[in-house]
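Working notes for the structure below.
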Amino acid sequence: METTLRGVGVSHGVAIGEVRHMGTAVLEPPAKQIPAEDAEREQGRARQAVDAVAADLIARGNLAGGEAQAVLEAQALMAQDPELMADVERRVAVGSTAERAVYDAFAAYRELLANAGEYLAGRVADLDDVRNRIVARLLGVPMPGVPDSDEPYVLVARDLAPADTALLDPALVLGFVTEEGGPTSHSAILARALGVPAVVALPGAGELSEGTVIAVDGSTGEIFVNPSDEKKVQLEASAAERRAALAASTGPGATADGHKVPLLANVGGPADVPAAVEAGAEGVGLFRTEFLFLDDSKSAPSVEKQVGAYRQVLEAFPEGRVVVRVLDAGADKPLDFLTPSDEPNPALGVRGLRTLLDHPEVLRTQLTALAKAAEGLPVHLEVMAPMVADRSDAKAFADACRDAGLHAKFGAMVEIPSAALRARSILQEVEFLSLGTNDLAQYTFAADRQVGAVSRLQDPWQPALLDLVALSADAAKAEGKSCGVCGEAASDPLLACVLTGLGVTSLSMGAASIPYVRATLAKHTLAQCERAAAAARATDTADEARTAARAVLSGE
């Protein structure tokens, strides 16, 4: 009998196949005492296992490239955290086996994160994955992870670790469904990059029986259990229609009546450029430079290394627009040489621009490298600061750019509600705004972007979030300046129309989403987008906003 479940669709497309569950987590090692003379040997085993797991994560990252590489490299740093290793060795010294010491040390660190307001819940999932891999290696059992299968399937899991998501084979994994996660979780972002249909935050996903046939609609978030032949035909026809529309859609982004909406790509470095160019990106709307810094959390990369990476991206878009976000460190992207280790709540502490203003030499070095990278190139370079709270922040950043001799437009990211509320004031100091809707939603609703339990508040269709977007866009229009969106909200084709109707002047997203957004915008006029935006803002919930906008755009 066909039944329908609903989660959060985070990656477009339809997948129909049998359920296969993620491998189970490592069992808890037995607590047994070792003789004192074995302690040194056990400590050596622990160090070897940690180094091997870190090397494996880095190797997986090198194979995956792009955003996945940065996430996996961050996990490798987590595995080799010196404080964790010291705790493991201390536990071994008092009689624990290497595997039990690792298990208990990671459990203690996990509790610390959980008690810090759960802002780092996404990091907790990553931490669990690192622990499982180290313990599995010490026990000599298979690593937890994606199941072996000769036939294509739909992967179901409580959550997916970045190490698993990054190397999914789309030829075998038709799509995936998770019980945890949200629209802006690591798994969701990587799924979009891979082009794998995905639904997250589905209550009871783990209860789907192995081998059950399900249909996953990554656009609507619907899961059809034991779909009828009629439903399969309907879904496959819809998917074919979407593919045909994508193939027919080329050129710059624009509405049906010719209103231009530049479609830009979010990139983490040179490895992401080919996909962006292939998708027809008109430039880069968000160059996440922190991924370059994650290669070594102990020190900043040299000017020469930065120049090389920046220039590769700038050269790929001659005459195009490339918007570079300066280092966004702190919170879930800690760097040993910059970020405090004892903040009670890193999300509300020293991160983003605040970190750079505390370490002006790091900011100046990065701005100098950007200036050198752009020399002699016809690209339109724009540089923006993350986590700008007010006009004072914006002025400090603009002054730093001028002092470094940078010839570019200076901008501010709107990720904090105060920046949206005072956008016109901030625009007295900078030349453009860029809305980071992921963090803006997180701070507006006090809802961690990695926690599935509050995913409804992370939904970018929330009317309150749309209100803040409108405030920012109106302020930019009044000042004759631009206001783009570079958060994951831009990757939703229907929402892209609403954002256009709110007055947003450009949209930046993962490369895989660009064709979908381009095709959808081309179907609707600016006036229709404006009416859809007004209808969405007139509602009280995200679901109502989505339904209202869809009704306007479909002519219902």
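Convention: chains lettered A, B, ... in structure tokens order; per-chain residue numbering from 1; ligands numbered from 1 as shown.
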Exercise for review: Identify all residues of region 59-181 of chain A in strand (DSSP E) (DSSP on the backbone) and supply them as a ChimeraX atom specification.
Suggested key: /A:153-157,173-178
Would you save the residues from that selection as a compact mmCIF listing (two decimals), in the first residue's frame, using all heavy atoms?
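Final output, saved to result-v8.txt:
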```txt
# COMPACT_ATOMS: atom_id res chain seq x y z
N TYR A 153 20.52 1.92 -5.30
CA TYR A 153 19.63 1.93 -4.15
C TYR A 153 19.46 3.35 -3.62
O TYR A 153 20.18 4.27 -4.01
CB TYR A 153 20.18 1.03 -3.03
CG TYR A 153 21.56 1.44 -2.55
CD1 TYR A 153 21.71 2.33 -1.48
CD2 TYR A 153 22.71 0.95 -3.16
CE1 TYR A 153 22.97 2.72 -1.03
CE2 TYR A 153 23.98 1.33 -2.72
CZ TYR A 153 24.09 2.20 -1.66
OH TYR A 153 25.33 2.60 -1.22
N VAL A 154 18.50 3.50 -2.69
CA VAL A 154 18.31 4.76 -1.97
C VAL A 154 18.87 4.56 -0.57
O VAL A 154 18.48 3.63 0.15
CB VAL A 154 16.81 5.15 -1.88
CG1 VAL A 154 16.65 6.40 -1.04
CG2 VAL A 154 16.24 5.38 -3.27
N LEU A 155 19.81 5.41 -0.19
CA LEU A 155 20.49 5.28 1.10
C LEU A 155 19.67 5.97 2.20
O LEU A 155 19.26 7.12 2.04
CB LEU A 155 21.88 5.91 1.02
CG LEU A 155 22.75 5.85 2.27
CD1 LEU A 155 23.05 4.40 2.64
CD2 LEU A 155 24.05 6.62 2.05
N VAL A 156 19.45 5.26 3.29
CA VAL A 156 18.70 5.80 4.43
C VAL A 156 19.61 5.76 5.66
O VAL A 156 20.27 4.75 5.92
CB VAL A 156 17.42 4.99 4.70
CG1 VAL A 156 16.71 5.50 5.95
CG2 VAL A 156 16.48 5.08 3.49
N ALA A 157 19.66 6.86 6.39
CA ALA A 157 20.53 6.94 7.56
C ALA A 157 19.96 7.91 8.58
O ALA A 157 19.11 8.75 8.25
CB ALA A 157 21.93 7.41 7.15
N VAL A 173 24.19 5.19 -5.66
CA VAL A 173 23.31 5.83 -4.69
C VAL A 173 22.38 6.78 -5.43
O VAL A 173 22.76 7.88 -5.81
CB VAL A 173 24.12 6.57 -3.61
CG1 VAL A 173 23.18 7.19 -2.58
CG2 VAL A 173 25.08 5.62 -2.92
N LEU A 174 21.16 6.34 -5.66
CA LEU A 174 20.21 7.11 -6.45
C LEU A 174 19.76 8.37 -5.72
O LEU A 174 19.46 9.39 -6.34
CB LEU A 174 18.99 6.24 -6.76
CG LEU A 174 19.29 4.94 -7.49
CD1 LEU A 174 18.02 4.09 -7.58
CD2 LEU A 174 19.83 5.22 -8.89
N GLY A 175 19.71 8.29 -4.41
CA GLY A 175 19.30 9.42 -3.58
C GLY A 175 19.50 9.03 -2.13
O GLY A 175 19.85 7.89 -1.83
N PHE A 176 19.28 9.97 -1.22
CA PHE A 176 19.36 9.58 0.18
C PHE A 176 18.34 10.32 1.03
O PHE A 176 17.84 11.38 0.69
CB PHE A 176 20.78 9.69 0.74
CG PHE A 176 21.37 11.07 0.85
CD1 PHE A 176 20.97 11.94 1.84
CD2 PHE A 176 22.37 11.46 -0.02
CE1 PHE A 176 21.54 13.19 1.97
CE2 PHE A 176 22.96 12.72 0.10
CZ PHE A 176 22.54 13.59 1.10
N VAL A 177 18.04 9.66 2.15
CA VAL A 177 17.05 10.17 3.10
C VAL A 177 17.66 10.07 4.49
O VAL A 177 18.23 9.04 4.85
CB VAL A 177 15.76 9.31 3.06
CG1 VAL A 177 14.75 9.83 4.07
CG2 VAL A 177 15.17 9.30 1.66
N THR A 178 17.58 11.16 5.27
CA THR A 178 18.11 11.13 6.63
C THR A 178 17.06 11.59 7.63
O THR A 178 16.16 12.37 7.30
CB THR A 178 19.36 12.01 6.79
OG1 THR A 178 19.00 13.39 6.61
CG2 THR A 178 20.43 11.64 5.77
```
**Study point:** Every residue of region 104-228 of chain A that DSSP places in alpha helix (DSSP H), as a ChimeraX atom specification
**Key:** /A:104-114,121-139,162-166,186-194
For Ile58 (chain A): contacts at 8 Å, only C-alpha atoms, fewer than 4 positions along chain excluded, given as a compact mmCIF listing (two decimals) with N, CA, C and O atoms, in the first residue's frame:
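And here is the file that came out, part-v4.txt:
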```
# COMPACT_ATOMS: atom_id res chain seq x y z
N ALA A 54 43.07 10.23 10.05
CA ALA A 54 43.25 11.59 9.52
C ALA A 54 43.74 11.54 8.08
O ALA A 54 43.26 12.29 7.22
N ASN A 62 40.77 14.90 -0.98
CA ASN A 62 41.47 15.17 -2.23
C ASN A 62 40.73 14.59 -3.42
O ASN A 62 40.70 15.17 -4.51
N GLN A 69 36.15 18.70 0.26
CA GLN A 69 37.54 18.62 0.69
C GLN A 69 37.76 19.43 1.96
O GLN A 69 38.41 18.97 2.90
N LEU A 72 36.19 17.66 5.01
CA LEU A 72 36.94 16.48 5.44
C LEU A 72 38.28 16.85 6.06
O LEU A 72 38.75 16.19 6.99
N GLU A 73 38.89 17.90 5.54
CA GLU A 73 40.15 18.35 6.15
C GLU A 73 39.91 18.87 7.56
O GLU A 73 40.74 18.69 8.46
N ALA A 76 39.76 15.90 9.73
CA ALA A 76 41.09 15.36 9.99
C ALA A 76 41.76 16.12 11.12
O ALA A 76 42.43 15.54 11.99
```
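Near Ala527 (chain A), within 12 Å and counting only C-alpha atoms, sit Thr255, Ala256, Asp257, Gly258, His259, Cys497, Val498, Thr500, Gly501, Leu502, Gly503, Leu521, Lys523, His524, Thr525, Cys529, Glu530, Arg531, Ala532, Ala533, Ala534, Val552 and Leu553 of chain A, not including residues fewer than 2 positions from it in the same chain.
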Export all heavy atoms of the chosen residues as a compact mmCIF listing (two decimals), in the first residue's frame?
```
# COMPACT_ATOMS: atom_id res chain seq x y z
N THR A 255 14.21 37.13 -16.00
CA THR A 255 12.79 36.77 -15.95
C THR A 255 12.23 36.73 -17.37
O THR A 255 12.91 37.11 -18.34
CB THR A 255 12.01 37.79 -15.12
OG1 THR A 255 12.17 39.10 -15.72
CG2 THR A 255 12.50 37.83 -13.69
N ALA A 256 10.99 36.29 -17.50
CA ALA A 256 10.38 36.13 -18.82
C ALA A 256 10.28 37.45 -19.58
O ALA A 256 10.29 37.47 -20.82
CB ALA A 256 8.99 35.51 -18.67
N ASP A 257 10.20 38.57 -18.87
CA ASP A 257 10.10 39.87 -19.53
C ASP A 257 11.45 40.58 -19.61
O ASP A 257 11.50 41.79 -19.84
CB ASP A 257 9.06 40.75 -18.82
CG ASP A 257 9.33 40.90 -17.33
OD1 ASP A 257 10.04 40.05 -16.76
OD2 ASP A 257 8.81 41.86 -16.72
N GLY A 258 12.54 39.83 -19.39
CA GLY A 258 13.87 40.40 -19.64
C GLY A 258 14.54 41.08 -18.47
O GLY A 258 15.62 41.65 -18.64
N HIS A 259 13.94 41.05 -17.28
CA HIS A 259 14.59 41.64 -16.11
C HIS A 259 15.80 40.78 -15.74
O HIS A 259 15.66 39.59 -15.42
CB HIS A 259 13.61 41.70 -14.94
CG HIS A 259 14.23 42.18 -13.66
ND1 HIS A 259 14.61 43.48 -13.44
CD2 HIS A 259 14.55 41.49 -12.51
CE1 HIS A 259 15.12 43.60 -12.23
NE2 HIS A 259 15.09 42.40 -11.64
N CYS A 497 12.52 33.05 -7.40
CA CYS A 497 11.55 33.99 -7.99
C CYS A 497 11.05 34.97 -6.93
O CYS A 497 10.92 36.17 -7.19
CB CYS A 497 10.37 33.21 -8.58
SG CYS A 497 10.79 32.22 -10.03
N VAL A 498 10.80 34.47 -5.73
CA VAL A 498 10.33 35.33 -4.64
C VAL A 498 11.42 36.34 -4.25
O VAL A 498 11.13 37.53 -4.05
CB VAL A 498 9.90 34.48 -3.43
CG1 VAL A 498 9.70 35.35 -2.19
CG2 VAL A 498 8.62 33.72 -3.75
N THR A 500 13.72 37.49 -6.12
CA THR A 500 13.75 38.49 -7.21
C THR A 500 12.63 39.49 -7.01
O THR A 500 12.82 40.71 -7.18
CB THR A 500 13.63 37.79 -8.56
OG1 THR A 500 14.74 36.90 -8.74
CG2 THR A 500 13.60 38.80 -9.70
N GLY A 501 11.46 39.01 -6.64
CA GLY A 501 10.33 39.89 -6.40
C GLY A 501 10.52 40.80 -5.21
O GLY A 501 9.94 41.89 -5.13
N LEU A 502 11.36 40.39 -4.26
CA LEU A 502 11.66 41.22 -3.09
C LEU A 502 12.67 42.32 -3.41
O LEU A 502 12.91 43.20 -2.58
CB LEU A 502 12.21 40.34 -1.96
CG LEU A 502 11.21 39.36 -1.31
CD1 LEU A 502 11.93 38.45 -0.32
CD2 LEU A 502 10.09 40.11 -0.61
N GLY A 503 13.28 42.24 -4.59
CA GLY A 503 14.22 43.28 -4.99
C GLY A 503 15.68 42.87 -4.98
O GLY A 503 16.57 43.71 -5.18
N LEU A 521 13.16 30.97 -13.43
CA LEU A 521 13.04 32.42 -13.59
C LEU A 521 12.53 32.78 -14.97
O LEU A 521 11.71 33.70 -15.14
CB LEU A 521 14.41 33.08 -13.37
CG LEU A 521 14.83 33.41 -11.95
CD1 LEU A 521 16.27 33.94 -11.95
CD2 LEU A 521 13.89 34.43 -11.31
N LYS A 523 10.45 31.47 -16.77
CA LYS A 523 9.02 31.21 -16.98
C LYS A 523 8.13 32.32 -16.45
O LYS A 523 6.93 32.34 -16.73
CB LYS A 523 8.63 29.90 -16.27
CG LYS A 523 9.25 28.65 -16.84
CD LYS A 523 8.79 27.45 -16.01
CE LYS A 523 9.42 26.16 -16.49
NZ LYS A 523 9.00 25.01 -15.65
N HIS A 524 8.69 33.23 -15.64
CA HIS A 524 7.85 34.20 -14.94
C HIS A 524 8.34 35.62 -15.14
O HIS A 524 9.53 35.88 -15.24
CB HIS A 524 7.83 33.87 -13.44
CG HIS A 524 7.44 32.45 -13.14
ND1 HIS A 524 6.17 31.98 -13.32
CD2 HIS A 524 8.18 31.39 -12.70
CE1 HIS A 524 6.12 30.69 -13.00
NE2 HIS A 524 7.33 30.32 -12.62
N THR A 525 7.38 36.56 -15.17
CA THR A 525 7.74 37.97 -15.32
C THR A 525 8.13 38.55 -13.96
O THR A 525 7.85 37.96 -12.90
CB THR A 525 6.55 38.77 -15.86
OG1 THR A 525 5.48 38.74 -14.88
CG2 THR A 525 6.05 38.20 -17.17
N CYS A 529 6.78 37.70 -10.06
CA CYS A 529 7.68 37.47 -8.94
C CYS A 529 7.36 38.40 -7.78
O CYS A 529 7.38 38.00 -6.62
CB CYS A 529 9.14 37.66 -9.38
SG CYS A 529 9.74 36.41 -10.55
N GLU A 530 7.04 39.64 -8.11
CA GLU A 530 6.69 40.61 -7.07
C GLU A 530 5.39 40.24 -6.38
O GLU A 530 5.26 40.36 -5.15
CB GLU A 530 6.60 42.01 -7.68
CG GLU A 530 7.96 42.57 -8.10
CD GLU A 530 7.86 43.86 -8.88
OE1 GLU A 530 6.76 44.16 -9.41
OE2 GLU A 530 8.87 44.57 -8.98
N ARG A 531 4.41 39.76 -7.15
CA ARG A 531 3.15 39.34 -6.53
C ARG A 531 3.36 38.10 -5.66
O ARG A 531 2.77 37.97 -4.58
CB ARG A 531 2.10 39.06 -7.62
CG ARG A 531 1.58 40.31 -8.31
CD ARG A 531 0.26 40.04 -9.03
NE ARG A 531 0.42 39.07 -10.11
CZ ARG A 531 0.79 39.37 -11.36
NH1 ARG A 531 1.04 40.63 -11.68
NH2 ARG A 531 0.89 38.43 -12.27
N ALA A 532 4.22 37.19 -6.12
CA ALA A 532 4.51 35.98 -5.33
C ALA A 532 5.20 36.35 -4.03
O ALA A 532 4.92 35.78 -2.97
CB ALA A 532 5.37 35.03 -6.15
N ALA A 533 6.10 37.32 -4.09
CA ALA A 533 6.81 37.77 -2.89
C ALA A 533 5.83 38.39 -1.89
O ALA A 533 5.90 38.12 -0.69
CB ALA A 533 7.90 38.77 -3.26
N ALA A 534 4.94 39.21 -2.38
CA ALA A 534 3.94 39.85 -1.51
C ALA A 534 3.04 38.80 -0.87
O ALA A 534 2.72 38.88 0.33
CB ALA A 534 3.12 40.86 -2.30
N VAL A 552 0.56 31.77 -6.89
CA VAL A 552 0.68 32.94 -7.75
C VAL A 552 1.45 32.60 -9.02
O VAL A 552 1.05 32.94 -10.14
CB VAL A 552 1.40 34.09 -7.01
CG1 VAL A 552 1.73 35.23 -7.97
CG2 VAL A 552 0.54 34.60 -5.86
N LEU A 553 2.56 31.90 -8.87
CA LEU A 553 3.43 31.63 -10.03
C LEU A 553 2.85 30.58 -10.96
O LEU A 553 3.19 30.53 -12.15
CB LEU A 553 4.81 31.20 -9.55
CG LEU A 553 5.60 32.29 -8.81
CD1 LEU A 553 6.91 31.75 -8.26
CD2 LEU A 553 5.86 33.48 -9.73
```
Review point. What lies within 10 Å of region 410-419 of chain A using only C-alpha atoms, ignoring chain neighbours under 3 positions off, as number ranges by chain?
Key: A: 323-325, 353, 381-391, 393-395, 397-399, 401-402, 406-407, 422-427, 429-445, 465, 468-469, 471-472, 482-487
Any chance you can output those residues with C-alpha atoms as an mmCIF file, in the first residue's frame?
```cif
data_model
loop_
_atom_site.group_PDB
_atom_site.id
_atom_site.type_symbol
_atom_site.label_atom_id
_atom_site.label_comp_id
_atom_site.auth_asym_id
_atom_site.auth_seq_id
_atom_site.Cartn_x
_atom_site.Cartn_y
_atom_site.Cartn_z
ATOM 1 C CA VAL A 323 32.774 38.296 -4.947
ATOM 2 C CA VAL A 324 35.324 37.167 -2.378
ATOM 3 C CA ARG A 325 34.423 36.696 1.267
ATOM 4 C CA LEU A 353 34.988 40.073 10.863
ATOM 5 C CA LEU A 381 36.587 41.992 -8.100
ATOM 6 C CA GLU A 382 34.370 42.591 -5.088
ATOM 7 C CA VAL A 383 35.366 41.826 -1.497
ATOM 8 C CA MET A 384 32.993 41.419 1.432
ATOM 9 C CA ALA A 385 33.215 40.937 5.169
ATOM 10 C CA PRO A 386 31.288 38.244 7.080
ATOM 11 C CA MET A 387 29.271 38.867 10.232
ATOM 12 C CA VAL A 388 28.930 42.628 9.932
ATOM 13 C CA ALA A 389 26.771 43.889 12.791
ATOM 14 C CA ASP A 390 26.633 47.659 12.232
ATOM 15 C CA ARG A 391 28.053 50.701 10.464
ATOM 16 C CA ASP A 393 32.017 47.186 11.475
ATOM 17 C CA ALA A 394 31.432 48.167 7.862
ATOM 18 C CA LYS A 395 33.651 51.250 8.178
ATOM 19 C CA PHE A 397 36.416 46.784 6.932
ATOM 20 C CA ALA A 398 36.261 49.433 4.203
ATOM 21 C CA ASP A 399 39.152 51.327 5.829
ATOM 22 C CA CYS A 401 40.563 47.511 2.229
ATOM 23 C CA ARG A 402 41.629 51.045 1.327
ATOM 24 C CA LEU A 406 42.804 47.090 -2.865
ATOM 25 C CA HIS A 407 41.056 48.261 -6.045
ATOM 26 C CA ARG A 422 20.224 49.031 9.759
ATOM 27 C CA ALA A 423 21.163 48.187 6.172
ATOM 28 C CA ARG A 424 20.880 51.750 4.911
ATOM 29 C CA SER A 425 23.307 52.922 7.588
ATOM 30 C CA ILE A 426 25.801 50.188 6.659
ATOM 31 C CA LEU A 427 25.538 51.161 3.002
ATOM 32 C CA GLU A 429 30.336 52.740 4.228
ATOM 33 C CA VAL A 430 30.210 49.942 1.631
ATOM 34 C CA GLU A 431 29.057 49.529 -1.964
ATOM 35 C CA PHE A 432 26.949 46.372 -1.825
ATOM 36 C CA LEU A 433 25.203 43.886 0.444
ATOM 37 C CA SER A 434 25.140 40.106 0.238
ATOM 38 C CA LEU A 435 22.602 38.151 2.246
ATOM 39 C CA GLY A 436 23.881 34.968 3.885
ATOM 40 C CA THR A 437 20.470 33.449 4.489
ATOM 41 C CA ASN A 438 21.815 30.390 6.340
ATOM 42 C CA ASP A 439 23.254 32.355 9.247
ATOM 43 C CA LEU A 440 20.616 35.066 8.998
ATOM 44 C CA ALA A 441 17.942 32.429 9.661
ATOM 45 C CA GLN A 442 20.023 30.904 12.448
ATOM 46 C CA TYR A 443 20.378 34.193 14.291
ATOM 47 C CA THR A 444 16.853 35.393 13.569
ATOM 48 C CA PHE A 445 15.206 32.305 15.035
ATOM 49 C CA LEU A 465 13.276 35.978 7.112
ATOM 50 C CA LEU A 468 14.574 40.938 6.560
ATOM 51 C CA VAL A 469 15.518 40.235 2.941
ATOM 52 C CA LEU A 471 14.393 45.410 4.285
ATOM 53 C CA SER A 472 17.914 44.894 2.967
ATOM 54 C CA SER A 482 23.215 46.140 -5.167
ATOM 55 C CA CYS A 483 21.926 43.466 -2.806
ATOM 56 C CA GLY A 484 22.512 39.803 -3.637
ATOM 57 C CA VAL A 485 21.753 36.517 -1.926
ATOM 58 C CA CYS A 486 24.551 33.972 -1.516
ATOM 59 C CA GLY A 487 22.939 31.657 1.036
#
```
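Minimum atom-to-atom distances from A:Gly285, A:Pro460, A:Gly140, A:Pro360 to Asp403 (chain A) were compared using only C-alpha atoms, and the lowest value belongs to A:Pro360.
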Exercise for review: Please identify all polymer residues within 6 Å of region 286-295 of chain A, counting only C-alpha atoms, omitting same-chain residues fewer than 2 positions from it, and present them as a PyMOL selection string.
Suggested key: chain A and resi 70+266-268+284+297+323-325+327-328
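Residue nearest Ala453 (chain A) within the list A:Ala36, A:Leu63, A:Val8, A:Leu526: A:Val8 [criterion: smallest interatomic distance, only C-alpha atoms].
The list of residues with at least one atom within 7 Å of region 47-52 of chain A, based on only C-alpha atoms and without residues fewer than 3 positions apart in the same chain, reads Gln43, Gly44, Ala55, Asp56, Ala79, Gln80, Ile134, Arg137 and Leu138 of chain A.
Candidate residues A:Val53, A:Ala244, A:Met78, A:Ala98 were compared for distance to Asp38 (chain A), and the nearest is A:Ala98, using only C-alpha atoms.
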